[in-house]
Amino acid sequence: MARRRLQASTLAWAAAAVWVVGGCDRAIEPFDPSEQPRQPDLSRIFPAGAERAAPPADMPPAPGGAGAVASSESSIRGTVTVASDLIDRIPAGATLFLIARTGRSGPPLAVRRITAPRFPMEFSIGPEDRMIAGLPFAGPLRVTARIDRDGNATTRSPGDLRGSVEGTVDPGDRGISLVIDEIL
């Protein structure tokens with residue numbers, strides 16, 4: 001029993017020594033209340049001239065990177081309507097969420113939030129509505145819409161309304177018809 005305690009104690013001391021000696025290589029200096037904040041020195045990470053280096057000729061441009069332009073030409077445009085039997089179920093102050101996804105489910109590629117929508121209404125969703133700027137706005141895409149009572153995109157309450165475009169669409173498509181015809 002004593003031997004086991006000695007082994008555990010030795011192991012604990014060894015772990016503490018490793019943590020003290022190798023756990024942190026940062027020089028911690030005492031707090032100086034007169035020290036002014038300043039930009040960090042990034043020269044070790046980004047050597048001088050690196051920002052001017054051209055990418056290799058065989059490297060394709062990064063999607064959404066420098067040179068990528070969000071153009072209205074690649075936006076999806078159409079009309080949102082609400083089924084006639086649901087028009088009276090739209091609460092005052094509701095929010096319309098237009099959502100474009102690359103698959104049937106998963107995180108949205110792009111979302112447009114419209115407060116106090118009036119139907120029928122023209123819509124556009126495109127690269128400027130992307131959730132992550134670096135992702136390419138490329139199809140085929142599934143476009144859905146939801147009329148949300150509380151204006152919070154993460155909640156789905158009973159009574160919220162939704163609809164979708166039949167099939168898939170591609171960026172640049174025009175004349176899309178999106179009908180809201182379902183009650184959650």
# chains A, B, ... in the order shown; residues from 1 in each chain; ligands from 1
call {"tool": "closest_atom_pairs", "arguments": {"of": "range 159-178 of chain A", "to": "range 71-87 of chain A", "cutoff": "6 Å", "atoms": "only C-alpha atoms", "output": "JSON lines"}}
result
{"residue": "A:Pro171", "atom": "CA", "partner": "A:Ser74", "partner_atom": "CA", "distance": 4.7}
{"residue": "A:Gly172", "atom": "CA", "partner": "A:Ser74", "partner_atom": "CA", "distance": 4.1}
{"residue": "A:Asp173", "atom": "CA", "partner": "A:Ile76", "partner_atom": "CA", "distance": 5.2}
{"residue": "A:Arg174", "atom": "CA", "partner": "A:Arg77", "partner_atom": "CA", "distance": 4.8}
{"residue": "A:Gly175", "atom": "CA", "partner": "A:Gly78", "partner_atom": "CA", "distance": 4.6}
{"residue": "A:Ile176", "atom": "CA", "partner": "A:Gly78", "partner_atom": "CA", "distance": 4.1}
{"residue": "A:Ser177", "atom": "CA", "partner": "A:Thr79", "partner_atom": "CA", "distance": 5.3}
{"residue": "A:Leu178", "atom": "CA", "partner": "A:Val80", "partner_atom": "CA", "distance": 4.8}
call {"tool": "residues_around", "arguments": {"residues": "range 158-168 of chain A", "least_positions_apart": "5", "cutoff": "9 Å", "atoms": "only C-alpha atoms", "output": "PyMOL selection string"}}
result
chain A and resi 82+86+89-90+139-149+176-184
